[in-house]
Structures are given as structure tokens and as C-alpha cells.
>>> print(open('final_14.tsv').read())   # TSV, C-alpha atoms and all ligand atoms
chain	number	residue	atom	x	y	z
A	1	MET	CA	-46.71	-15.20	-13.96
A	2	ASN	CA	-43.56	-13.09	-13.82
A	3	GLN	CA	-41.74	-14.92	-16.55
A	4	GLU	CA	-41.44	-12.92	-19.77
A	5	LEU	CA	-42.79	-15.19	-22.48
A	6	HIS	CA	-41.41	-15.40	-25.98
A	7	PRO	CA	-43.85	-14.03	-28.62
A	8	SER	CA	-44.27	-17.48	-30.15
A	9	THR	CA	-45.47	-18.69	-26.75
A	10	VAL	CA	-47.74	-15.66	-26.33
A	11	ALA	CA	-49.35	-16.48	-29.70
A	12	VAL	CA	-50.20	-19.94	-28.39
A	13	THR	CA	-51.17	-19.16	-24.80
A	14	ALA	CA	-52.64	-15.65	-24.51
A	15	GLY	CA	-56.40	-15.08	-24.63
A	16	ARG	CA	-57.36	-18.47	-23.20
A	17	GLY	CA	-60.52	-18.87	-21.16
A	18	PRO	CA	-60.55	-19.14	-17.35
A	19	ARG	CA	-58.91	-22.27	-15.89
A	20	GLU	CA	-61.93	-23.55	-13.98
A	21	PRO	CA	-63.03	-27.14	-13.41
A	22	GLY	CA	-65.11	-28.27	-16.36
A	23	ALA	CA	-64.55	-25.09	-18.41
A	24	PRO	CA	-63.60	-25.62	-22.07
A	25	THR	CA	-59.86	-25.26	-22.68
A	26	ASN	CA	-60.62	-23.64	-26.02
A	27	LEU	CA	-62.87	-20.63	-26.16
A	28	PRO	CA	-66.12	-21.64	-27.90
A	29	VAL	CA	-67.73	-19.44	-30.56
A	30	THR	CA	-70.21	-17.18	-28.79
A	31	LEU	CA	-73.14	-16.76	-31.14
A	32	SER	CA	-75.27	-14.51	-29.00
A	33	SER	CA	-76.39	-10.99	-29.80
A	34	THR	CA	-77.30	-10.23	-26.20
A	35	PHE	CA	-75.87	-10.97	-22.74
A	36	HIS	CA	-77.32	-11.06	-19.22
A	37	PRO	CA	-76.89	-7.60	-17.70
A	38	GLY	CA	-74.35	-6.81	-15.01
A	39	GLY	CA	-71.31	-8.34	-16.74
A	40	GLU	CA	-68.57	-7.19	-19.09
A	41	ARG	CA	-70.91	-6.75	-22.08
A	42	ILE	CA	-74.59	-6.47	-22.67
A	43	TYR	CA	-74.97	-6.38	-26.45
A	44	GLY	CA	-73.07	-7.90	-29.38
A	45	ARG	CA	-72.28	-4.64	-31.13
A	46	HIS	CA	-70.27	-3.48	-28.11
A	47	GLY	CA	-68.34	-6.66	-27.48
A	48	ASN	CA	-68.05	-10.38	-27.88
A	49	PRO	CA	-65.85	-12.94	-26.09
A	50	ASN	CA	-64.31	-14.02	-29.42
A	51	TRP	CA	-63.23	-10.48	-30.27
A	52	SER	CA	-61.88	-10.05	-26.75
A	53	ALA	CA	-59.72	-13.17	-26.96
A	54	LEU	CA	-58.28	-12.20	-30.34
A	55	GLU	CA	-57.72	-8.64	-29.12
A	56	GLU	CA	-55.95	-9.88	-26.02
A	57	VAL	CA	-53.45	-11.89	-28.07
A	58	LEU	CA	-52.82	-9.13	-30.62
A	59	GLY	CA	-52.49	-6.54	-27.85
A	60	ALA	CA	-50.00	-8.74	-25.99
A	61	LEU	CA	-47.94	-9.32	-29.14
A	62	GLU	CA	-47.81	-5.65	-30.17
A	63	GLY	CA	-47.51	-4.28	-26.64
A	64	GLY	CA	-50.73	-2.25	-26.70
A	65	ARG	CA	-54.51	-2.58	-26.71
A	66	ALA	CA	-56.17	-4.01	-29.81
A	67	LEU	CA	-59.53	-3.52	-31.51
A	68	VAL	CA	-60.82	-5.97	-34.10
A	69	TYR	CA	-62.58	-4.74	-37.25
A	70	ALA	CA	-64.52	-6.45	-40.01
A	71	SER	CA	-61.57	-6.17	-42.44
A	72	GLY	CA	-58.15	-4.60	-42.76
A	73	MET	CA	-59.82	-1.68	-44.55
A	74	GLY	CA	-62.26	-1.42	-41.66
A	75	ALA	CA	-59.27	-0.88	-39.37
A	76	ILE	CA	-57.55	1.54	-41.76
A	77	SER	CA	-60.67	3.63	-42.35
A	78	ALA	CA	-61.34	3.80	-38.59
A	79	VAL	CA	-57.92	5.42	-38.11
A	80	LEU	CA	-58.28	7.78	-41.08
A	81	GLU	CA	-61.86	8.79	-40.33
A	82	ARG	CA	-60.87	9.90	-36.88
A	83	LEU	CA	-58.74	12.73	-38.29
A	84	PRO	CA	-60.32	16.19	-38.08
A	85	VAL	CA	-61.70	17.50	-41.39
A	86	GLY	CA	-58.95	19.25	-43.36
A	87	SER	CA	-56.10	17.19	-41.85
A	88	GLY	CA	-52.93	16.52	-43.82
A	89	VAL	CA	-51.66	12.99	-44.30
A	90	VAL	CA	-48.23	11.94	-45.55
A	91	MET	CA	-48.29	8.43	-46.97
A	92	PRO	CA	-46.25	6.04	-49.13
A	93	PHE	CA	-46.80	6.34	-52.89
A	94	ASP	CA	-46.78	2.55	-52.84
A	95	ALA	CA	-49.06	2.00	-49.83
A	96	TYR	CA	-51.74	-0.67	-50.02
A	97	TYR	CA	-54.05	0.48	-52.79
A	98	GLY	CA	-57.19	0.51	-50.63
A	99	ALA	CA	-55.57	2.86	-48.11
A	100	ARG	CA	-54.47	5.23	-50.89
A	101	LYS	CA	-57.85	5.10	-52.54
A	102	PHE	CA	-59.53	5.94	-49.22
A	103	VAL	CA	-57.33	9.02	-48.86
A	104	TYR	CA	-57.80	10.05	-52.53
A	105	GLU	CA	-61.59	9.89	-52.07
A	106	ALA	CA	-61.44	11.88	-48.84
A	107	ALA	CA	-59.27	14.47	-50.60
A	108	GLU	CA	-61.75	14.73	-53.47
A	109	HIS	CA	-64.41	15.66	-50.93
A	110	GLY	CA	-62.12	18.10	-49.14
A	111	ARG	CA	-61.96	16.07	-45.95
A	112	LEU	CA	-58.22	15.27	-46.08
A	113	ALA	CA	-55.16	16.54	-47.92
A	114	TYR	CA	-52.25	14.25	-48.69
A	115	LYS	CA	-48.69	14.00	-49.94
A	116	GLU	CA	-47.17	10.82	-51.27
A	117	VAL	CA	-43.59	9.90	-50.39
A	118	ASP	CA	-41.00	7.18	-50.79
A	119	VAL	CA	-40.84	5.78	-47.25
A	120	SER	CA	-37.39	4.33	-47.78
A	121	ASP	CA	-36.02	7.90	-48.04
A	122	THR	CA	-36.31	9.24	-44.47
A	123	ALA	CA	-35.13	12.77	-45.24
A	124	SER	CA	-37.56	13.28	-48.10
A	125	VAL	CA	-40.47	11.98	-45.99
A	126	LEU	CA	-39.74	14.52	-43.27
A	127	GLU	CA	-39.32	17.29	-45.85
A	128	ALA	CA	-42.90	16.64	-46.99
A	129	PHE	CA	-44.19	17.88	-43.63
A	130	ASP	CA	-46.20	21.03	-43.52
A	131	SER	CA	-49.16	21.05	-41.14
A	132	VAL	CA	-49.50	17.29	-41.25
A	133	GLU	CA	-51.64	15.47	-38.68
A	134	LEU	CA	-50.73	11.92	-39.59
A	135	LEU	CA	-47.75	10.10	-41.01
A	136	TRP	CA	-49.15	6.91	-42.50
A	137	LEU	CA	-46.49	4.26	-42.95
A	138	GLU	CA	-46.42	0.78	-44.30
A	139	SER	CA	-43.34	-1.40	-43.95
A	140	PRO	CA	-42.50	-3.39	-45.91
A	141	THR	CA	-44.83	-1.83	-48.49
A	142	ASN	CA	-47.35	-3.74	-50.56
A	143	PRO	CA	-46.35	-4.51	-53.29
A	144	LEU	CA	-42.93	-2.93	-53.81
A	145	LEU	CA	-41.39	-4.12	-50.51
A	146	ASN	CA	-39.86	-0.77	-49.62
A	147	VAL	CA	-38.74	-0.55	-46.02
A	148	ALA	CA	-39.36	2.49	-43.79
A	149	ASP	CA	-37.04	3.36	-40.91
A	150	ILE	CA	-39.93	3.48	-38.43
A	151	ALA	CA	-37.95	4.74	-35.41
A	152	ALA	CA	-36.32	7.64	-37.29
A	153	LEU	CA	-39.56	8.60	-39.03
A	154	ALA	CA	-41.61	8.41	-35.82
A	155	GLU	CA	-39.14	10.66	-34.05
A	156	GLY	CA	-39.15	13.18	-36.89
A	157	ALA	CA	-42.93	13.10	-37.24
A	158	HIS	CA	-43.46	13.61	-33.50
A	159	GLU	CA	-41.09	16.60	-33.53
A	160	ARG	CA	-43.35	18.05	-36.23
A	161	GLY	CA	-46.49	17.35	-34.18
A	162	ALA	CA	-47.87	14.46	-36.25
A	163	LEU	CA	-49.17	11.09	-35.16
A	164	VAL	CA	-47.66	7.97	-36.71
A	165	ALA	CA	-49.63	4.93	-37.85
A	166	VAL	CA	-48.00	1.84	-39.35
A	167	ASP	CA	-49.67	-0.81	-41.49
A	168	SER	CA	-47.59	-3.78	-40.36
A	169	THR	CA	-49.50	-6.47	-42.26
A	170	PHE	CA	-46.48	-7.80	-44.20
A	171	ALA	CA	-44.34	-8.02	-41.06
A	172	THR	CA	-46.95	-9.52	-38.71
A	173	PRO	CA	-46.76	-8.85	-34.95
A	174	LEU	CA	-44.02	-11.47	-34.68
A	175	LEU	CA	-41.45	-9.77	-36.92
A	176	GLN	CA	-41.98	-6.09	-36.13
A	177	ARG	CA	-43.31	-4.08	-33.17
A	178	PRO	CA	-44.00	-0.57	-34.44
A	179	LEU	CA	-45.21	0.70	-31.04
A	180	ASP	CA	-41.79	-0.16	-29.55
A	181	LEU	CA	-40.22	1.76	-32.44
A	182	GLY	CA	-42.22	4.87	-31.53
A	183	ALA	CA	-45.39	4.59	-33.63
A	184	ASP	CA	-48.71	5.60	-32.05
A	185	ILE	CA	-50.95	3.19	-33.93
A	186	VAL	CA	-50.47	-0.17	-35.68
A	187	VAL	CA	-52.95	-1.64	-38.13
A	188	HIS	CA	-53.14	-5.16	-39.50
A	189	SER	CA	-55.10	-6.90	-42.17
A	190	ILE	CA	-55.78	-10.06	-40.14
A	191	THR	CA	-57.03	-11.50	-43.42
A	192	LYS	CA	-53.41	-12.19	-44.36
A	193	TYR	CA	-50.77	-13.90	-42.18
A	194	ILE	CA	-52.55	-13.66	-38.84
A	195	SER	CA	-55.55	-15.75	-39.86
A	196	GLY	CA	-53.32	-17.56	-42.36
A	197	HIS	CA	-55.72	-19.79	-44.28
A	198	SER	CA	-57.27	-17.45	-46.87
A	199	ASP	CA	-60.74	-18.01	-45.44
A	200	VAL	CA	-61.46	-14.92	-43.32
A	201	LEU	CA	-61.50	-11.13	-43.67
A	202	LEU	CA	-60.70	-9.17	-40.51
A	203	GLY	CA	-58.54	-6.28	-39.38
A	204	ALA	CA	-57.14	-4.74	-36.21
A	205	VAL	CA	-55.91	-1.48	-34.74
A	206	VAL	CA	-53.47	-1.55	-31.81
A	207	THR	CA	-52.42	1.43	-29.70
A	208	ARG	CA	-50.98	2.27	-26.28
A	209	ASP	CA	-52.77	5.59	-26.09
A	210	ASP	CA	-55.88	5.29	-23.90
A	211	GLN	CA	-57.67	8.22	-25.48
A	212	THR	CA	-57.18	6.88	-29.00
A	213	PHE	CA	-58.32	3.46	-27.86
A	214	GLU	CA	-61.48	4.69	-26.11
A	215	GLU	CA	-62.43	6.91	-29.01
A	216	LEU	CA	-61.97	4.14	-31.57
A	217	LEU	CA	-63.93	1.73	-29.38
A	218	LYS	CA	-66.81	4.20	-29.07
A	219	ARG	CA	-66.86	4.80	-32.80
A	220	ARG	CA	-66.74	1.11	-33.58
A	221	SER	CA	-69.81	0.51	-31.42
A	222	LEU	CA	-71.65	3.42	-33.00
A	223	GLY	CA	-70.46	2.75	-36.56
A	224	GLY	CA	-71.72	-0.78	-36.20
A	225	ALA	CA	-69.70	-2.39	-39.02
A	226	ILE	CA	-68.28	-4.95	-36.62
A	227	ALA	CA	-66.45	-8.26	-36.91
A	228	GLY	CA	-68.36	-11.52	-36.59
A	229	PRO	CA	-67.63	-13.91	-33.70
A	230	MET	CA	-67.08	-16.85	-36.06
A	231	GLU	CA	-64.48	-14.94	-38.09
A	232	SER	CA	-62.77	-13.87	-34.87
A	233	TRP	CA	-62.67	-17.46	-33.67
A	234	LEU	CA	-61.17	-18.62	-36.97
A	235	ALA	CA	-58.61	-15.81	-36.90
A	236	LEU	CA	-57.52	-16.72	-33.38
A	237	ARG	CA	-57.22	-20.35	-34.38
A	238	GLY	CA	-55.00	-19.20	-37.25
A	239	LEU	CA	-52.96	-16.91	-35.04
A	240	ARG	CA	-52.08	-19.84	-32.76
A	241	THR	CA	-49.97	-21.33	-35.57
A	242	LEU	CA	-48.55	-18.07	-36.95
A	243	PRO	CA	-45.09	-18.70	-35.45
A	244	LEU	CA	-44.86	-22.09	-37.16
A	245	ARG	CA	-46.25	-20.95	-40.50
A	246	LEU	CA	-44.08	-17.89	-40.63
A	247	GLU	CA	-40.94	-19.77	-39.74
A	248	ARG	CA	-41.46	-22.16	-42.63
A	249	ALA	CA	-42.65	-19.57	-45.15
A	250	GLN	CA	-39.78	-17.26	-44.32
A	251	VAL	CA	-37.12	-19.91	-44.85
A	252	ASN	CA	-38.76	-20.79	-48.18
A	253	ALA	CA	-38.87	-17.11	-49.16
A	254	GLY	CA	-35.19	-16.54	-48.42
A	255	GLU	CA	-34.16	-19.55	-50.47
A	256	LEU	CA	-36.46	-18.79	-53.42
A	257	ALA	CA	-35.48	-15.10	-53.50
A	258	ARG	CA	-31.83	-16.14	-53.81
A	259	ARG	CA	-32.55	-18.64	-56.58
A	260	LEU	CA	-34.86	-16.26	-58.47
A	261	GLY	CA	-32.10	-13.66	-58.46
A	262	ALA	CA	-29.83	-16.08	-60.30
A	263	HIS	CA	-32.37	-16.98	-63.01
A	264	PRO	CA	-31.61	-15.41	-66.40
A	265	VAL	CA	-35.18	-14.25	-67.17
A	266	VAL	CA	-35.58	-12.50	-63.82
A	267	SER	CA	-34.36	-8.93	-64.11
A	268	ARG	CA	-34.87	-7.90	-60.49
A	269	VAL	CA	-35.79	-9.40	-57.13
A	270	ARG	CA	-36.94	-7.46	-54.09
A	271	TYR	CA	-36.73	-9.21	-50.73
A	272	PRO	CA	-35.50	-7.38	-47.64
A	273	GLY	CA	-33.62	-10.51	-46.59
A	274	LEU	CA	-31.24	-10.31	-49.57
A	275	PRO	CA	-27.99	-8.64	-48.41
A	276	ASP	CA	-27.95	-6.30	-51.42
A	277	ASP	CA	-31.64	-5.29	-51.16
A	278	PRO	CA	-32.07	-1.52	-50.62
A	279	GLY	CA	-34.21	-2.23	-47.52
A	280	HIS	CA	-31.91	-4.84	-46.01
A	281	GLU	CA	-30.00	-2.75	-43.53
A	282	VAL	CA	-33.06	-1.09	-41.96
A	283	ALA	CA	-35.08	-4.31	-42.02
A	284	ALA	CA	-32.25	-6.20	-40.31
A	285	ARG	CA	-32.24	-3.55	-37.59
A	286	GLN	CA	-35.98	-3.20	-36.97
A	287	MET	CA	-37.41	-6.63	-37.80
A	288	ASP	CA	-36.95	-10.07	-36.27
A	289	GLY	CA	-37.07	-11.70	-39.68
A	290	PHE	CA	-37.64	-10.63	-43.27
A	291	GLY	CA	-41.07	-12.10	-43.88
A	292	ALA	CA	-42.29	-14.23	-46.74
A	293	MET	CA	-43.20	-11.74	-49.48
A	294	VAL	CA	-40.90	-11.67	-52.50
A	295	CYS	CA	-41.31	-9.57	-55.66
A	296	PHE	CA	-39.56	-10.30	-58.91
A	297	GLU	CA	-39.66	-8.83	-62.37
A	298	VAL	CA	-39.66	-10.41	-65.78
A	299	ALA	CA	-39.54	-8.60	-69.15
A	300	ASP	CA	-43.13	-7.38	-69.41
A	301	ALA	CA	-46.77	-8.04	-68.52
A	302	ALA	CA	-47.15	-10.76	-71.15
A	303	ALA	CA	-44.11	-12.66	-69.85
A	304	ALA	CA	-45.38	-12.30	-66.27
A	305	ASP	CA	-48.76	-13.71	-67.30
A	306	ARG	CA	-47.12	-16.65	-69.04
A	307	VAL	CA	-45.21	-17.43	-65.85
A	308	SER	CA	-48.38	-17.25	-63.74
A	309	GLU	CA	-50.30	-19.44	-66.18
A	310	ALA	CA	-47.57	-22.07	-66.32
A	311	LEU	CA	-47.44	-22.49	-62.54
A	312	GLU	CA	-49.22	-25.51	-61.12
A	313	VAL	CA	-48.33	-25.63	-57.42
A	314	ILE	CA	-48.31	-21.87	-56.96
A	315	VAL	CA	-51.77	-20.34	-57.40
A	316	ASP	CA	-52.43	-17.29	-59.59
A	317	ALA	CA	-54.55	-15.21	-57.21
A	318	THR	CA	-54.41	-12.01	-55.26
A	319	SER	CA	-54.12	-11.70	-51.50
A	320	LEU	CA	-51.41	-13.24	-49.38
A	321	GLY	CA	-50.45	-14.69	-46.04
A	322	GLY	CA	-52.23	-18.03	-46.47
A	323	LEU	CA	-50.53	-21.40	-46.18
A	324	GLU	CA	-50.53	-21.77	-49.95
A	325	SER	CA	-48.17	-19.90	-52.25
A	326	THR	CA	-49.86	-17.37	-54.53
A	327	ILE	CA	-48.58	-15.11	-57.27
A	328	ASP	CA	-50.11	-11.89	-58.56
A	329	ARG	CA	-49.15	-9.54	-61.41
A	330	ARG	CA	-50.05	-6.32	-59.66
A	331	SER	CA	-50.00	-4.17	-62.80
A	332	ARG	CA	-53.21	-5.90	-63.91
A	333	TYR	CA	-55.14	-3.73	-61.44
A	334	ALA	CA	-56.18	-0.14	-61.99
A	335	GLY	CA	-54.48	2.10	-59.46
A	336	GLU	CA	-51.15	0.25	-59.43
A	337	GLU	CA	-49.51	2.54	-61.99
A	338	SER	CA	-46.33	2.84	-59.93
A	339	VAL	CA	-45.75	-0.92	-60.19
A	340	PRO	CA	-43.51	-2.19	-63.04
A	341	GLU	CA	-45.69	-4.10	-65.50
A	342	GLY	CA	-43.63	-7.30	-65.36
A	343	LEU	CA	-43.59	-7.42	-61.55
A	344	LEU	CA	-44.94	-10.52	-59.86
A	345	ARG	CA	-45.80	-10.32	-56.18
A	346	PHE	CA	-45.00	-13.73	-54.80
A	347	ASN	CA	-46.55	-14.76	-51.50
A	348	VAL	CA	-44.34	-17.64	-50.45
A	349	GLY	CA	-46.28	-20.28	-48.56
A	350	CYS	CA	-45.53	-23.35	-46.49
A	351	GLU	CA	-45.12	-26.01	-49.18
A	352	PHE	CA	-41.89	-28.02	-49.52
A	353	VAL	CA	-39.40	-25.57	-50.96
A	354	GLU	CA	-38.10	-27.85	-53.71
A	355	ASP	CA	-41.62	-28.30	-55.07
A	356	LEU	CA	-42.02	-24.54	-55.22
A	357	TRP	CA	-38.70	-24.09	-56.94
A	358	ALA	CA	-39.41	-26.86	-59.47
A	359	ASP	CA	-42.71	-25.15	-60.30
A	360	LEU	CA	-41.08	-21.73	-60.71
A	361	ALA	CA	-38.05	-23.00	-62.60
A	362	ARG	CA	-40.27	-24.83	-65.10
A	363	ALA	CA	-42.37	-21.71	-65.73
A	364	LEU	CA	-39.32	-19.44	-66.03
A	365	ASP	CA	-37.35	-21.87	-68.20
A	366	ALA	CA	-40.28	-21.97	-70.63
A	367	ILE	CA	-39.81	-18.23	-71.14
A	368	SER	CA	-36.07	-18.56	-71.69
A	369	LEU	CA	-36.77	-21.21	-74.34
A	370	GLU	CA	-39.29	-18.99	-76.12
A	371	ARG	CA	-36.73	-16.24	-76.20
A	372	ALA	CA	-34.05	-18.52	-77.60
A	373	THR	CA	-36.25	-19.75	-80.47
B	401	LIG	C1	-54.81	-6.72	-47.74
B	401	LIG	C2	-54.18	-5.54	-47.12
B	401	LIG	C3	-54.97	-4.55	-46.52
B	401	LIG	C4	-56.49	-4.59	-46.55
B	401	LIG	O1	-57.01	-5.63	-45.77
B	401	LIG	P1	-58.45	-6.29	-46.03
B	401	LIG	O2	-58.54	-7.28	-44.92
B	401	LIG	O3	-58.42	-6.86	-47.40
B	401	LIG	O4	-59.45	-5.20	-45.92
B	401	LIG	C5	-54.33	-3.49	-45.94
B	401	LIG	N1	-52.99	-3.38	-45.93
B	401	LIG	C6	-52.20	-4.30	-46.49
B	401	LIG	C7	-50.73	-4.13	-46.46
B	401	LIG	C8	-52.78	-5.42	-47.10
B	401	LIG	O5	-51.97	-6.33	-47.67
>>> encode(input="final_14.tsv", output="C-alpha cells")
Amino acid sequence: MNQELHPSTVAVTAGRGPREPGAPTNLPVTLSSTFHPGGERIYGRHGNPNWSALEEVLGALEGGRALVYASGMGAISAVLERLPVGSGVVMPFDAYYGARKFVYEAAEHGRLAYKEVDVSDTASVLEAFDSVELLWLESPTNPLLNVADIAALAEGAHERGALVAVDSTFATPLLQRPLDLGADIVVHSITKYISGHSDVLLGAVVTRDDQTFEELLKRRSLGGAIAGPMESWLALRGLRTLPLRLERAQVNAGELARRLGAHPVVSRVRYPGLPDDPGHEVAARQMDGFGAMVCFEVADAAAADRVSEALEVIVDATSLGGLESTIDRRSRYAGEESVPEGLLRFNVGCEFVEDLWADLARALDAISLERAT
């Protein structure tokens, strides 16, 4: 077909099975470790029809070729492990904790060196370069929601001879296309928005570079820590409704961010969709929407915990991207020292917005009352 399809149509239609009489319209789960020789695949560690379908959709959405991994960290470590020993990495000080921890560990063993930067400050990121092999970006960052100017940073990094990888989990393939902005590699934690139901762990790497792709594919087969067909099937089923879920969650997030900003016990709100957010201008330029993650701060850790405990509709739990709203005081985890202690990371879900606001307002009002008495 010559018609250029909208991404929300691609999410629904790509990766379907062959249109043959009697063939299933939905790809079944292929639970087979081995395949008759002479076809596309002979053994389950090298390939599986359920991975292929999910990879086809993700590749089409990002404009590259995708590889599925057993988790987001599986995808991230595949990219980082490929770097030659002694390579330098520049990465956000507020990158996903697992990615930072991976690099810290590698540095301890002398395999990688790293510098941490504030990705929202393009000039200072590029100043950090000095024999750097990889610029690792995340945008928006988890959990501080800083926004990186991917196009400007990719251009600067390439001039300095570095590759650029972007963890685009918060944006999803529908809101941001890092490869179009000049990045070499995109990674996703499929666990989050793409699968969308908090019931699967999976990850993906997407690239346009054939050599990178072939090398990662070879290493995935040899490494052997592969994704399961059932998880891949579930993730694809989730991905089919990503456009709908995101549309709803994003509208909710915009509305709740605005209302949170006006609440007297909330000292700060970060959401790239707010016109006065430091990341707004770049996000408006490089994204097709601002996503559904909102962070807000209350006085301290104890106040944040009282808010979380008082919530009934919104669930106090980590992770994000599921249908249900969740809230997480990030400072409760070791390794999140750069996060203000009263910061709540709010994954806005698909519930009716007034129910979410009533839940939040009740929990926040309880704190105002405590203060007043
Ligand atoms: C959750 C997350 C990851 C890690 O993904 P897993 O599937 O949990 O391994 C990586 N990056 C970001 C931004 C995440 O939110």
C-alpha cells in the first residue's frame, strides 16, 4: 500500500499475520522451541513469530528495525555492553536508576568511564565530551521530567564522534521519534506504556544502522536471555491500544498537572505540557504530545507518604504506564539522592479525571488541615 498511515493506525495494523483463507486474523502464541528447517527460523533462541510481530510494529513506529529483550534493562544492557572496554559514556544524572547503576558497576570494574550531565542544558552536555563513545539520553527523564533537545545534542555528539542512544520510554513511540531527530539507537521499557497493563516485563532496542542491528541480534542469540513468546504476545496486544490509552491518560495528566499547581500544599509541579515548565519549549518542538507522567512536590517525605497513604483510587506503587494511576515517592529508594524528598512521581492513568482529582484533592486537603491545626 502506498498510503502513508498515521502512527495510531500502524499500531493497530502492523505485524498482522498473512491474509490467507482460513488463517487466524490474530497471531496466535507460538509455544515451540524448535521449527521445521528451511524456513525463517529453526530454534526459539534465534527467533519467534511473536517477537517478530512485536518487532515489526515497533520498528514501523520508530522508523527503524527493532529487537525485543526480556526487560527494559535487557535492552539497555545490550546497548551498553556492546561498547568497547574503556569507552566513555555521557549520561543524565537523573537517568533511570537501573541504567545509571549498570554504568556505575561497569566503571567500578574499569570497563566504562562516565560523566553525568543535566540533559536540559545542551551546552554543558557537549562540554562534557572528551573521548566519549556514547551519549546516553533519556527524555523526558525518569523521575525528574527533564527534557533533552535530542536533535541539537545528536548533532553535537556526532560532530564529536559519539553515538547517541535515547531511552524514550516516557514518550512512547507515538509521541517522540528519536531516530528522526538524529539518534542512532532508541530503547524502550515495553513494561511501561507499550504493554500498558502492568502485567509484563519486556524491552526493545530500535536502530536504522544495519551493523548495529546485526551485532545486537547475534549477541542476543548467543547471550540467550531472551523474551518469552507469551510476554511478546501480551505486549503486542497492549500496543494495539496504546494510541487510545495515551490519548486519555495525556488529557488527564494535563488537567491534573494544572490543578495540582494551584493547590496550596504543592510547592512545585513538573509536567512538560505546562507552558511555564522548563522543558516545555523543547518538548513542544520535538514531541507530538507531552505524555502522562507528572511530578509534584510537597513539604517533605513524611507529607508525601501521608498523601500516598490517603489515596484510594490512585495506587501507591512503583512502575508506570499501566491503565491504572500509580504514585511513587522516589526518594524512598537508595540511589535516588538527586530527587527531592517530597517529590511524588505520578503516573496518570485512564480513569475518569474527576475521580482522580477528587482522590488527590482529598489527600492534599488533609495535609492543609493538619498544617492549619
Ligand atoms: C522502567 C524503566 C526502565 C527499565 O525497564 P524494565 O522493563 O523495568 O527493565 C528503563 N528506563 C526507563 C525510563 C524506565 O522507566
>>> residues_near_ligand(input="final_14.tsv", ligand="ligand LIG 401 (chain B)", cutoff="10 Å", atoms="all atoms listed in the file", output="tab-separated table (two decimals) with C-alpha atoms, in the coordinates of the input")
chain	number	residue	atom	x	y	z
A	69	TYR	CA	-62.58	-4.74	-37.25
A	70	ALA	CA	-64.52	-6.45	-40.01
A	71	SER	CA	-61.57	-6.17	-42.44
A	72	GLY	CA	-58.15	-4.60	-42.76
A	73	MET	CA	-59.82	-1.68	-44.55
A	74	GLY	CA	-62.26	-1.42	-41.66
A	75	ALA	CA	-59.27	-0.88	-39.37
A	76	ILE	CA	-57.55	1.54	-41.76
A	77	SER	CA	-60.67	3.63	-42.35
A	95	ALA	CA	-49.06	2.00	-49.83
A	96	TYR	CA	-51.74	-0.67	-50.02
A	97	TYR	CA	-54.05	0.48	-52.79
A	98	GLY	CA	-57.19	0.51	-50.63
A	99	ALA	CA	-55.57	2.86	-48.11
A	138	GLU	CA	-46.42	0.78	-44.30
A	139	SER	CA	-43.34	-1.40	-43.95
A	140	PRO	CA	-42.50	-3.39	-45.91
A	141	THR	CA	-44.83	-1.83	-48.49
A	142	ASN	CA	-47.35	-3.74	-50.56
A	143	PRO	CA	-46.35	-4.51	-53.29
A	166	VAL	CA	-48.00	1.84	-39.35
A	167	ASP	CA	-49.67	-0.81	-41.49
A	168	SER	CA	-47.59	-3.78	-40.36
A	169	THR	CA	-49.50	-6.47	-42.26
A	170	PHE	CA	-46.48	-7.80	-44.20
A	171	ALA	CA	-44.34	-8.02	-41.06
A	187	VAL	CA	-52.95	-1.64	-38.13
A	188	HIS	CA	-53.14	-5.16	-39.50
A	189	SER	CA	-55.10	-6.90	-42.17
A	190	ILE	CA	-55.78	-10.06	-40.14
A	191	THR	CA	-57.03	-11.50	-43.42
A	192	LYS	CA	-53.41	-12.19	-44.36
A	193	TYR	CA	-50.77	-13.90	-42.18
A	200	VAL	CA	-61.46	-14.92	-43.32
A	201	LEU	CA	-61.50	-11.13	-43.67
A	202	LEU	CA	-60.70	-9.17	-40.51
A	203	GLY	CA	-58.54	-6.28	-39.38
A	204	ALA	CA	-57.14	-4.74	-36.21
A	318	THR	CA	-54.41	-12.01	-55.26
A	319	SER	CA	-54.12	-11.70	-51.50
A	320	LEU	CA	-51.41	-13.24	-49.38
A	321	GLY	CA	-50.45	-14.69	-46.04
>>> closest_atom_pairs(input="final_14.tsv", of="range 282-365 of chain A", to="range 147-154 of chain A", cutoff="10 Å", atoms="only C-alpha atoms", output="CSV")
residue,atom,partner,partner_atom,distance
A:Val282,CA,A:Asp149,CA,6.1
A:Ala283,CA,A:Val147,CA,6.6
A:Arg285,CA,A:Asp149,CA,9.0
A:Gln286,CA,A:Asp149,CA,7.7
>>> closest_residue(input="final_14.tsv", among="A:Glu127, A:Glu247, A:Asp365, A:Asp199", to="Cys350 in chain A", atoms="all atoms listed in the file")
A:Glu247
>>> closest_residue(input="final_14.tsv", among="A:Glu341, A:Gly110, A:Thr326, A:Asp316", to="Asp300 in chain A", atoms="only C-alpha atoms")
A:Glu341
>>> residues_around(input="final_14.tsv", residues="range 25-34 of chain A", least_positions_apart="4", cutoff="7 Å", atoms="all atoms listed in the file", output="list in words")
Arg16, Gly17, Ile42, Tyr43, Gly44, Pro49, Asn50, Pro229, Met230 and Trp233 of chain A
>>> write_last_selection(input="final_14.tsv", atoms="C-alpha atoms", output="CSV table (one decimal), in the coordinates of the input")
chain,number,residue,atom,x,y,z
A,16,ARG,CA,-57.4,-18.5,-23.2
A,17,GLY,CA,-60.5,-18.9,-21.2
A,42,ILE,CA,-74.6,-6.5,-22.7
A,43,TYR,CA,-75.0,-6.4,-26.4
A,44,GLY,CA,-73.1,-7.9,-29.4
A,49,PRO,CA,-65.8,-12.9,-26.1
A,50,ASN,CA,-64.3,-14.0,-29.4
A,229,PRO,CA,-67.6,-13.9,-33.7
A,230,MET,CA,-67.1,-16.8,-36.1
A,233,TRP,CA,-62.7,-17.5,-33.7
>>> residues_around(input="final_14.tsv", residues="Leu236 in chain A", least_positions_apart="6", cutoff="10 Å", atoms="only C-alpha atoms", output="list in words")
Ala11, Val12, Gly15, Leu27, Asn50, Trp51, Ala53, Leu54, Glu55, Val57, Leu58, Ile190, Ile194, Ser195, Gly196, Met230 and Leu242 of chain A
>>> atom_distance(input="final_14.tsv", atom1="CA of Asp277 in chain A", atom2="CA of Arg345 in chain A")
15.8 Å
>>> residues_near_point(input="final_14.tsv", point="(-45.5, -6.4, -61.3)", cutoff="6 Å", atoms="only C-alpha atoms", output="PyMOL selection string")
chain A and resi 329-331+339-344
>>> atom_distance(input="final_14.tsv", atom1="CA of Ala106 in chain A", atom2="CA of Leu217 in chain A")
22.1 Å
>>> closest_residue(input="final_14.tsv", among="A:Asn146, A:Ser368, A:Thr9, A:Asp305", to="Leu244 in chain A", atoms="only C-alpha atoms")
A:Thr9
>>> atom_distance(input="final_14.tsv", atom1="CA of Arg268 in chain A", atom2="CA of Ala128 in chain A")
29.1 Å
